[in-house]
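Visitor: Could you have a look at this structure, given as structure tokens, before my questions?
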Amino acid sequence: MSEKKMVVYLLVLIMTAGLLSGCGKGDQVRQGEFGLFYLSADKTELMRVACEKQDGSKTEQVQYVLDALKNPEEESEDYLTPFQNGVEVEEFEIDGKQVELSFNEEYRTLDTAEEVLLRAAVVKSLVQISGISYVSFYIGEEPLMKADKTLVGMMSDEDFVQNVGSSLHSYQSTSLTLYFANKDGDRLVKETVNNVRYNSNISMERLVIEQLLKGPSSSGAYATIPSNTKILSVSTKDQICYVNFDQELMNMKSNVKPEILIYSIVNSIVESGMAGQVQISINGESDINFGESVPLNQPLSRNLDLVEGADKD
């Protein structure tokens with residue numbers, strides 16, 4: 001983060017100090033009402049608390065939300081700040097629809113539950129600001145990484161699908177309809193996978209992609225996505241699922257046609273998730289042609305013409 005950004009951060013802190021008004025202690029949040037997400041008293045779940053929405057620039061509104069989350073004005077026995085262990089946002093930058101937050105080194109001291117709940121509280125609170133759809137976390141200058149050393153990337157409200165007040169570690173089972181390649185790689189093969197157990201903290205769209213990466217379980221179906229492909233981010237907004245992969249997606253198998261790989265992703269997400277279209281990007285770039293034949297510059301709809309023996313609906 002640049003020195004210039006730090007100056008902006010400090011100026012905004014001064015400007016917004018007088019704007020803060022407290023969140024209502026125990027107030028119920030009505031449908032569509034602005035509310036911030038805090039940590040429950042037992043630190044196991046989130047609580048949404050009604051707050052007065054602030055006017056001003058996006059920068060001022062972001063600063064207001066961060067300050068209100070860090071220092072709840074009203075003391076409550078029911079909820080706590082999600083910023084535990086001395087964790088603080090040192091600076092932030094707004095880049096289009098994304099907010100990039102840089103945290104201090106204390107972030108690394110959070111245990112798994114505290115870290116996930118902090119991310120959920122901050123993201124779900126910030127994306128309520130008009131014009132803000134995504135949030136990225138940094139520790140100093142380093143982007144936040146998962147335990148397996150993969151990038152967390154941009155996060156949206158859809159990345160935290162657990163209900164407020166539900167257990168952090170709740171698990172559910174579901175059935176998924178996935179699309180893989182046939183032996184020749186020129187048609188899609190439909191496969192239903194039953195009793196897929198998953199953590200309720202991840203979105204259904206991300207679950208679908210993770211299952212595609214594992215490959216098919218039935219004979220006559222073959223994997224489409226290269227096994228080493230990393231999922232950089234998954235989010236859904238206005239019924240469009242935005243999926244960002246790393247460069248490894250381009251290393252497809254020689255016998256799998258580009259449109260088969262792409263529509264195995266699109267068809268699977270639309271079939272089993274909540275989105276009606278899918279926007280695919282590679283390292284954040286979508287203004288490209290995948291395999292020189294499939295344009296990725298706009299959201300794609302399900303294509304059943306490529307499926308073997310499927311009825312078109």
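Ordering of the structure tokens sets the chain letters (A, B, ...), residue numbers begin anew at 1 in every chain, and ligands are numbered from 1 in the order given.
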Which neighbours of Asp184 of chain A fall inside 12 Å, counting only C-alpha atoms, when residues of the same chain fewer than 4 positions from it are skipped, and could you give them as JSON, numbers by chain?
Guide: {"A": [180, 188, 189, 220, 221, 222, 223, 224, 253, 254, 255, 256, 257, 260, 308]}
Visitor: Could the residues in this selection be written to a file with C-alpha atoms, as an mmCIF file, in the first residue's frame?
Guide:
data_model
loop_
_atom_site.group_PDB
_atom_site.id
_atom_site.type_symbol
_atom_site.label_atom_id
_atom_site.label_comp_id
_atom_site.auth_asym_id
_atom_site.auth_seq_id
_atom_site.Cartn_x
_atom_site.Cartn_y
_atom_site.Cartn_z
ATOM 1 C CA PHE A 180 -18.029 -33.772 -17.683
ATOM 2 C CA LEU A 188 -20.814 -33.216 -22.380
ATOM 3 C CA VAL A 189 -21.882 -36.117 -20.167
ATOM 4 C CA GLY A 220 -17.889 -42.930 -19.686
ATOM 5 C CA ALA A 221 -17.335 -39.514 -18.126
ATOM 6 C CA TYR A 222 -13.990 -37.719 -18.093
ATOM 7 C CA ALA A 223 -12.609 -34.693 -16.244
ATOM 8 C CA THR A 224 -12.590 -31.362 -18.072
ATOM 9 C CA LYS A 253 -6.253 -31.865 -22.148
ATOM 10 C CA SER A 254 -5.552 -32.134 -25.854
ATOM 11 C CA ASN A 255 -8.673 -34.181 -26.591
ATOM 12 C CA VAL A 256 -11.103 -31.857 -24.739
ATOM 13 C CA LYS A 257 -12.536 -29.106 -26.894
ATOM 14 C CA ILE A 260 -16.663 -28.550 -23.644
ATOM 15 C CA GLU A 308 -25.183 -36.263 -25.058
#
Visitor: Among segment 29-191 of chain A, which ones does DSSP place in helix (DSSP H, G or I), written as a ChimeraX atom specification?
Guide: /A:58-70,105-109,112-126,157-159
Visitor: Just checking: using only C-alpha atoms, which residue out of A:Asp157, A:Asp238, A:Glu141, A:Glu90 ends up closest to Ser125 of chain A?
Guide: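 Using only C-alpha atoms, Ser125 of chain A sits closest to A:Asp157.
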Visitor: Can you work out which one of A:Leu306, A:Leu126, A:Ile280, A:Leu69 has the shortest atom-to-atom distance to Ser235 of chain A, counting only C-alpha atoms?
Guide: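 Of A:Leu306, A:Leu126, A:Ile280, A:Leu69, the one nearest Ser235 of chain A, counting only C-alpha atoms, is A:Ile280.
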Visitor: Give the answer as one residue: which of A:Ile132, A:Met145, A:Met47, A:Leu261 has the shortest atom-to-atom distance to Gly291 of chain A, using only C-alpha atoms?
Guide: A:Leu261
Visitor: Rank nothing, just name the residue among A:Ile269, A:Leu151, A:Met250, A:Val87 nearest to Arg206 of chain A, using only C-alpha atoms.
Guide: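 Looking at the shortest contact to Arg206 of chain A, the residue is A:Ile269.
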Visitor: Using only C-alpha atoms, determine which residues lie at most 7 Å from segment 107-120 of chain A, disregarding the query and same-chain residues fewer than 2 positions distant; provide the list as a ChimeraX atom specification.
Guide: /A:82-83,85,87,103-105,122-124,160
Visitor: Restricting the output to N, CA and C atoms, write the selected residues as a tab-separated table (two decimals), in the first residue's frame.
Guide:
chain	number	residue	atom	x	y	z
A	82	PRO	N	-15.82	-7.98	15.87
A	82	PRO	CA	-15.15	-9.14	15.24
A	82	PRO	C	-13.63	-8.97	15.18
A	83	PHE	N	-13.13	-7.77	15.50
A	83	PHE	CA	-11.69	-7.50	15.49
A	83	PHE	C	-11.09	-7.93	16.83
A	85	ASN	N	-8.01	-9.91	19.27
A	85	ASN	CA	-6.54	-10.05	19.40
A	85	ASN	C	-5.76	-8.84	18.91
A	87	VAL	N	-6.38	-7.02	16.31
A	87	VAL	CA	-6.39	-6.91	14.85
A	87	VAL	C	-6.97	-5.55	14.45
A	103	PHE	N	-4.39	-5.34	6.80
A	103	PHE	CA	-4.44	-5.57	8.23
A	103	PHE	C	-3.03	-5.59	8.84
A	104	ASN	N	-2.96	-5.39	10.15
A	104	ASN	CA	-1.68	-5.48	10.84
A	104	ASN	C	-1.30	-6.95	11.06
A	105	GLU	N	-0.09	-7.17	11.58
A	105	GLU	CA	0.44	-8.53	11.74
A	105	GLU	C	-0.34	-9.35	12.76
A	122	VAL	N	-16.80	-8.52	8.14
A	122	VAL	CA	-16.33	-7.34	7.40
A	122	VAL	C	-16.90	-7.32	5.99
A	123	VAL	N	-16.83	-8.45	5.29
A	123	VAL	CA	-17.32	-8.49	3.91
A	123	VAL	C	-18.82	-8.24	3.86
A	124	LYS	N	-19.58	-8.95	4.70
A	124	LYS	CA	-21.04	-8.81	4.67
A	124	LYS	C	-21.49	-7.41	5.08
A	160	PHE	N	-20.11	-16.22	1.92
A	160	PHE	CA	-20.41	-16.53	3.31
A	160	PHE	C	-21.90	-16.79	3.42
Visitor: Among segment 53-143 of chain A, which ones does DSSP assign to strand (DSSP E or B) (computed from the backbone)? Answer as a VMD selection string.
Guide: chain A and resid 79 to 80 89 to 95 98 to 103 134 to 139 142 to 143
Visitor: Just to be explicit: take each residue in the selection above, keep N, CA and C atoms, and write the result as a CSV table (one decimal), in the first residue's frame.
Guide:
chain,number,residue,atom,x,y,z
A,79,TYR,N,-23.2,-9.1,21.9
A,79,TYR,CA,-22.3,-9.1,20.7
A,79,TYR,C,-21.0,-8.3,21.0
A,80,LEU,N,-19.9,-8.7,20.2
A,80,LEU,CA,-18.6,-8.2,20.4
A,80,LEU,C,-18.1,-7.7,19.0
A,89,VAL,N,-7.4,-2.7,10.8
A,89,VAL,CA,-7.2,-2.3,9.5
A,89,VAL,C,-6.2,-1.1,9.4
A,90,GLU,N,-5.1,-1.3,8.9
A,90,GLU,CA,-4.1,-0.2,8.9
A,90,GLU,C,-4.4,0.8,7.8
A,91,GLU,N,-4.9,0.4,6.6
A,91,GLU,CA,-5.2,1.3,5.5
A,91,GLU,C,-6.1,0.5,4.6
A,92,PHE,N,-6.8,1.2,3.7
A,92,PHE,CA,-7.6,0.6,2.7
A,92,PHE,C,-7.6,1.4,1.4
A,93,GLU,N,-8.0,0.7,0.3
A,93,GLU,CA,-8.1,1.4,-1.0
A,93,GLU,C,-9.3,0.9,-1.7
A,94,ILE,N,-10.0,1.8,-2.4
A,94,ILE,CA,-11.2,1.4,-3.2
A,94,ILE,C,-10.8,1.4,-4.6
A,95,ASP,N,-11.0,0.3,-5.3
A,95,ASP,CA,-10.6,0.1,-6.7
A,95,ASP,C,-11.9,-0.4,-7.4
A,98,GLN,N,-14.4,-2.8,-5.7
A,98,GLN,CA,-13.6,-3.6,-4.7
A,98,GLN,C,-13.0,-2.7,-3.6
A,99,VAL,N,-13.0,-3.2,-2.4
A,99,VAL,CA,-12.3,-2.6,-1.3
A,99,VAL,C,-11.1,-3.5,-0.9
A,100,GLU,N,-9.9,-2.9,-0.9
A,100,GLU,CA,-8.7,-3.7,-0.5
A,100,GLU,C,-8.4,-3.2,0.9
A,101,LEU,N,-8.4,-4.2,1.8
A,101,LEU,CA,-8.1,-3.9,3.2
A,101,LEU,C,-6.7,-4.4,3.6
A,102,SER,N,-5.9,-3.6,4.3
A,102,SER,CA,-4.6,-4.1,4.7
A,102,SER,C,-4.6,-4.1,6.2
A,103,PHE,N,-4.4,-5.3,6.8
A,103,PHE,CA,-4.4,-5.6,8.2
A,103,PHE,C,-3.0,-5.6,8.8
A,134,TYR,N,-17.1,-6.3,-3.7
A,134,TYR,CA,-16.1,-7.2,-3.4
A,134,TYR,C,-15.1,-6.6,-2.4
A,135,VAL,N,-14.5,-7.5,-1.6
A,135,VAL,CA,-13.5,-7.1,-0.6
A,135,VAL,C,-12.4,-8.1,-0.7
A,136,SER,N,-11.1,-7.5,-0.6
A,136,SER,CA,-9.9,-8.3,-0.6
A,136,SER,C,-9.1,-8.0,0.7
A,137,PHE,N,-8.5,-9.0,1.2
A,137,PHE,CA,-7.8,-8.9,2.5
A,137,PHE,C,-6.3,-9.0,2.2
A,138,TYR,N,-5.5,-8.2,2.9
A,138,TYR,CA,-4.0,-8.2,2.8
A,138,TYR,C,-3.6,-8.2,4.3
A,139,ILE,N,-2.4,-8.8,4.5
A,139,ILE,CA,-1.7,-8.6,5.8
A,139,ILE,C,-0.4,-7.8,5.4
A,142,GLU,N,1.0,-8.3,1.8
A,142,GLU,CA,0.8,-9.6,1.3
A,142,GLU,C,-0.7,-10.0,1.2
A,143,PRO,N,-1.1,-10.5,0.0
A,143,PRO,CA,-2.5,-10.9,-0.1
A,143,PRO,C,-2.8,-12.1,0.9
Visitor: How many Å separate atom CA of Val208 of chain A from atom CA of Ile265 of chain A?
Guide: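 The value is 8.4 Å.
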Visitor: I'd like to know which of A:Gln128, A:Gln211, A:Ser281, A:Ser227 is closest to Asn244 of chain A, using only C-alpha atoms.
Guide: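 Among the listed residues, A:Ser281 lies closest to Asn244 of chain A.
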Visitor: Quote the spacing between atom CA of Ala50 of chain A and atom CA of Ile129 of chain A in Å to one decimal place.
Guide: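 For atom CA of Ala50 of chain A relative to atom CA of Ile129 of chain A, the distance reads 14.3 Å.
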